[in-house]
Amino acid sequence: MNLKHLTDKTLLLETKKLVASERRLTTEILFHLREIERRKLFSDLKYTSMYDYCVRELGYSEGTAYRRISAARLMCDLPEVESKLNDGSLNLTNVASLVQFFKEEDITDKSEKARIVKQVEGLSKRECDLKLIQLSDRPIEKKHCIWVSDSIMERIKDYRQLKGTSETIEEIISEVALIATAELQKSKFKLVKNPRKVSMSVSRIPTASVKREVFLRDKQCVKCGSKFGLQFDHRHPYSLGGKSTPENIRLLCSNCNQRERIRQRL
Ligand SMILES: [Zn+2]
C-alpha cells in the first residue's frame with residue numbers, strides 16, 4: 001500500500017478513523033473469544049485451554065492472548081467495558097491489570113468492580129497500577145514494585161526525554177548511580193577521561209558555547225515543545241550556506257527535525 005499521494009490532512013484523518021475501527025474490531029474479536037470460551041470450542045480442536053487456543057491456533061503472543069481473554073471475560077461481566085474499550089478510555093493492558101486485581105483481592109461483586117473500573121478510566125498503565133495499589137487491601141511489601149514519589153518521577157521523565165530513552169526505572173537508577181560515581185571521582189580526584197581539545201569551529205557542528213546559548217534560550221523543541229531527543233538544527237541549511245551561529249541554530253526534537261527534512265524534500 002502506497003500512501004505517498006495522500007495529503008497530510010487526509011493521512012491524519014484516515015489514521016484516526018482506522019484506529020477507531022481497529023478498537024471496534026478488537027471488541028468484536030473479544031465477543032467471539034468469549035463465545036468460543038463459553039462453548040469450550042477449543043477442546044474440539046484439542047487445545048487444553050482458551051489461552052492455548054489463542055496462542056497456538058490464532059498465533060497471538062502470550063501477553064496478547066492473556067490480555068484479550070481477560071478483557072473478554074470482564075466485558076461479559078460488565079457490559080459497559082465494551083464502550084470504554086471502543087472510545088479508548090480503557091485499554092487492554094489496564095483491563096488485564098483490573099482482572100488480575102479482582103482475582104487477587106477476591107472481588108466478585110459487580111457493582112464494586114464497576115466502581116473500580118471507573119476509577120482507572122483514562123489512566124496510563126503506570127497510573128492505573130498505582131491506583132490499584134492504593135485500592136489494595138493487601139500490604140504493599142507483598143507487591144513487586146518500586147515506590148517512586150511524583151517529584152522523582154518528574155526527574156526520571158526529564159532524564160528519559162533528554163536522553164531519548166524509554167529505559168525502566170531500575171535501569172535508570174543503575175545508570176544514574178554509575179554517572180554520579182564517575183562525577184564524584186572527577187571532582188574528588190580531578191579525573192578527566194578525555195582532556196578537551198580547543199577546536200576552531202567554522203563547522204556544521206555548533207561550538208559548545210553556541211549549543212549552550214541555544215539550549216538555554218529554546219529549552220525545548222521550538223515546533224512542538226517536546227523535550228524528547230532534542231537536536232540542534234540549522235534554520236537555514238548548512239549545505240546552503242547557513243552558519244552555525246545561535247541565530248541560525250534552533251532546538252528541534254528528532255521527530256520535528258525529520259519532518260522538516262521531509263518537507264524540504266517535497
Ligand atoms: Zn518537536
# chains A, B, ... in the order shown; residues from 1 in each chain; ligands from 1
>>> residues_near_ligand(ligand="ligand 1", cutoff="10 Å", atoms="only C-alpha atoms and all ligand atoms", output="PDB file with N, CA and C atoms, in the first residue's frame")
ATOM      1  N   GLN A 220      13.445  23.634  24.679  1.00  0.00           N
ATOM      2  CA  GLN A 220      12.619  22.520  24.191  1.00  0.00           C
ATOM      3  C   GLN A 220      12.478  22.650  22.677  1.00  0.00           C
ATOM      4  N   CYS A 221      11.844  21.679  22.049  1.00  0.00           N
ATOM      5  CA  CYS A 221      11.625  21.738  20.600  1.00  0.00           C
ATOM      6  C   CYS A 221      10.815  22.999  20.281  1.00  0.00           C
ATOM      7  N   VAL A 222      11.333  23.839  19.392  1.00  0.00           N
ATOM      8  CA  VAL A 222      10.641  25.103  19.122  1.00  0.00           C
ATOM      9  C   VAL A 222       9.362  24.885  18.306  1.00  0.00           C
ATOM     10  N   LYS A 223       9.209  23.687  17.745  1.00  0.00           N
ATOM     11  CA  LYS A 223       7.992  23.417  16.958  1.00  0.00           C
ATOM     12  C   LYS A 223       6.884  22.845  17.839  1.00  0.00           C
ATOM     13  N   CYS A 224       7.194  21.784  18.605  1.00  0.00           N
ATOM     14  CA  CYS A 224       6.113  21.087  19.313  1.00  0.00           C
ATOM     15  C   CYS A 224       6.234  21.143  20.831  1.00  0.00           C
ATOM     16  N   GLY A 225       7.367  21.679  21.329  1.00  0.00           N
ATOM     17  CA  GLY A 225       7.502  21.799  22.781  1.00  0.00           C
ATOM     18  C   GLY A 225       8.009  20.536  23.463  1.00  0.00           C
ATOM     19  N   SER A 226       8.309  19.482  22.681  1.00  0.00           N
ATOM     20  CA  SER A 226       8.808  18.248  23.283  1.00  0.00           C
ATOM     21  C   SER A 226      10.221  18.452  23.816  1.00  0.00           C
ATOM     22  N   LYS A 227      10.567  17.653  24.839  1.00  0.00           N
ATOM     23  CA  LYS A 227      11.946  17.695  25.337  1.00  0.00           C
ATOM     24  C   LYS A 227      12.631  16.371  25.015  1.00  0.00           C
ATOM     25  N   PHE A 228      11.994  15.602  24.155  1.00  0.00           N
ATOM     26  CA  PHE A 228      12.458  14.249  23.873  1.00  0.00           C
ATOM     27  C   PHE A 228      13.392  14.226  22.668  1.00  0.00           C
ATOM     28  N   GLY A 229      14.603  13.685  22.870  1.00  0.00           N
ATOM     29  CA  GLY A 229      15.543  13.512  21.764  1.00  0.00           C
ATOM     30  C   GLY A 229      15.856  14.815  21.036  1.00  0.00           C
ATOM     31  N   LEU A 230      16.220  15.864  21.800  1.00  0.00           N
ATOM     32  CA  LEU A 230      16.446  17.177  21.182  1.00  0.00           C
ATOM     33  C   LEU A 230      17.713  17.207  20.328  1.00  0.00           C
ATOM     34  N   GLN A 231      17.636  17.929  19.210  1.00  0.00           N
ATOM     35  CA  GLN A 231      18.764  18.053  18.289  1.00  0.00           C
ATOM     36  C   GLN A 231      18.944  19.513  17.899  1.00  0.00           C
ATOM     37  N   LEU A 251      16.573  24.465  18.556  1.00  0.00           N
ATOM     38  CA  LEU A 251      16.357  23.120  19.078  1.00  0.00           C
ATOM     39  C   LEU A 251      15.113  22.520  18.433  1.00  0.00           C
ATOM     40  N   LEU A 252      15.268  21.307  17.905  1.00  0.00           N
ATOM     41  CA  LEU A 252      14.120  20.554  17.399  1.00  0.00           C
ATOM     42  C   LEU A 252      14.190  19.152  17.985  1.00  0.00           C
ATOM     43  N   CYS A 253      13.049  18.549  18.236  1.00  0.00           N
ATOM     44  CA  CYS A 253      13.064  17.149  18.639  1.00  0.00           C
ATOM     45  C   CYS A 253      13.338  16.329  17.378  1.00  0.00           C
ATOM     46  N   SER A 254      13.728  15.068  17.550  1.00  0.00           N
ATOM     47  CA  SER A 254      14.125  14.292  16.371  1.00  0.00           C
ATOM     48  C   SER A 254      12.968  14.144  15.380  1.00  0.00           C
ATOM     49  N   ASN A 255      11.733  14.048  15.915  1.00  0.00           N
ATOM     50  CA  ASN A 255      10.591  13.910  15.007  1.00  0.00           C
ATOM     51  C   ASN A 255      10.380  15.160  14.159  1.00  0.00           C
ATOM     52  N   CYS A 256      10.396  16.338  14.820  1.00  0.00           N
ATOM     53  CA  CYS A 256      10.192  17.588  14.069  1.00  0.00           C
ATOM     54  C   CYS A 256      11.348  17.811  13.099  1.00  0.00           C
ATOM     55  N   ASN A 257      12.538  17.400  13.512  1.00  0.00           N
ATOM     56  CA  ASN A 257      13.701  17.556  12.650  1.00  0.00           C
ATOM     57  C   ASN A 257      13.542  16.711  11.377  1.00  0.00           C
ATOM     58  N   GLN A 258      13.115  15.467  11.572  1.00  0.00           N
ATOM     59  CA  GLN A 258      12.907  14.587  10.415  1.00  0.00           C
ATOM     60  C   GLN A 258      11.782  15.108   9.532  1.00  0.00           C
ATOM     61  N   ARG A 259      10.729  15.613  10.193  1.00  0.00           N
ATOM     62  CA  ARG A 259       9.571  16.148   9.462  1.00  0.00           C
ATOM     63  C   ARG A 259      10.025  17.325   8.589  1.00  0.00           C
ATOM     64  N   GLU A 260      10.897  18.151   9.165  1.00  0.00           N
ATOM     65  CA  GLU A 260      11.434  19.322   8.476  1.00  0.00           C
ATOM     66  C   GLU A 260      12.206  18.880   7.224  1.00  0.00           C
TER      67      GLU A 260
END
>>> residues_around(residues="range 46-51 of chain A", least_positions_apart="6", cutoff="9 Å", atoms="only C-alpha atoms", output="PDB file with C-alpha atoms, in the first residue's frame")
ATOM      1  CA  LEU A  33     -13.409 -15.241  22.012  1.00  0.00           C
ATOM      2  CA  ILE A  36     -15.740 -19.744  21.903  1.00  0.00           C
ATOM      3  CA  GLU A  37     -14.800 -19.996  25.560  1.00  0.00           C
ATOM      4  CA  LYS A  40     -15.471 -24.651  25.047  1.00  0.00           C
ATOM      5  CA  GLU A  57      -4.320 -21.550  16.844  1.00  0.00           C
ATOM      6  CA  GLU A  62       1.364 -14.926  25.258  1.00  0.00           C
ATOM      7  CA  ALA A  65      -3.627 -13.814  24.495  1.00  0.00           C
ATOM      8  CA  TYR A  66      -3.756 -13.156  28.226  1.00  0.00           C
ATOM      9  CA  ILE A  69      -9.027 -13.354  27.295  1.00  0.00           C
TER      10      ILE A  69
END
>>> select_by_dssp(residues="range 5-235 of chain A", states="alpha helix (DSSP H)", output="PyMOL selection string")
chain A and resi 8-39+41-44+50-56+62-77+81-86+92-104+110-119+125-135+150-163+169-189+208-218
>>> residues_around(residues="Ser83 in chain A", least_positions_apart="5", cutoff="12 Å", atoms="only C-alpha atoms", output="NGL selection string")
:A and (20 or 23-24 or 26-28 or 75 or 78 or 88-91 or 121)
>>> select_by_dssp(residues="range 34-241 of chain A", states="strand (DSSP E or B)", output="VMD selection string")
chain A and resid 230 to 234
>>> residues_around(residues="Arg115 in chain A", least_positions_apart="4", cutoff="12 Å", atoms="only C-alpha atoms", output="list in words")
Leu78, Glu80, Val81, Leu98, Phe102, Ile107, Asp109, Lys110, Ser111, Gln119, Val120, Glu121 and Leu135 of chain A
>>> write_last_selection(atoms="N, CA and C atoms", output="tab-separated table (two decimals), in the first residue's frame")
chain	number	residue	atom	x	y	z
A	78	LEU	N	-19.10	-7.07	32.90
A	78	LEU	CA	-19.51	-5.65	32.94
A	78	LEU	C	-19.69	-5.15	31.51
A	80	GLU	N	-20.54	-2.47	30.24
A	80	GLU	CA	-20.10	-1.09	29.95
A	80	GLU	C	-18.64	-1.03	29.52
A	81	VAL	N	-17.89	-2.11	29.77
A	81	VAL	CA	-16.48	-2.13	29.38
A	81	VAL	C	-16.34	-2.01	27.85
A	98	LEU	N	-6.78	-4.93	35.80
A	98	LEU	CA	-8.00	-4.93	36.60
A	98	LEU	C	-8.44	-6.36	36.94
A	102	PHE	N	-8.89	-7.95	40.60
A	102	PHE	CA	-10.12	-8.52	41.14
A	102	PHE	C	-9.86	-9.93	41.68
A	107	ILE	N	-12.44	-9.90	44.60
A	107	ILE	CA	-13.60	-9.03	44.39
A	107	ILE	C	-14.51	-9.70	43.35
A	109	ASP	N	-18.16	-8.91	43.48
A	109	ASP	CA	-19.36	-8.08	43.37
A	109	ASP	C	-19.27	-7.16	42.15
A	110	LYS	N	-20.30	-7.21	41.30
A	110	LYS	CA	-20.25	-6.45	40.04
A	110	LYS	C	-20.21	-4.94	40.24
A	111	SER	N	-21.00	-4.46	41.20
A	111	SER	CA	-21.03	-3.00	41.38
A	111	SER	C	-19.70	-2.51	41.94
A	119	GLN	N	-12.64	4.23	38.22
A	119	GLN	CA	-11.51	4.98	38.79
A	119	GLN	C	-10.24	4.91	37.95
A	120	VAL	N	-10.15	3.92	37.06
A	120	VAL	CA	-8.92	3.83	36.25
A	120	VAL	C	-9.15	4.27	34.79
A	121	GLU	N	-10.34	4.78	34.52
A	121	GLU	CA	-10.62	5.25	33.16
A	121	GLU	C	-9.67	6.35	32.74
A	135	LEU	N	-5.74	1.08	46.10
A	135	LEU	CA	-7.03	0.49	46.44
A	135	LEU	C	-6.88	-0.89	47.10
>>> atom_distance(atom1="CA of Arg212 in chain A", atom2="CA of Asn248 in chain A")
13.9 Å
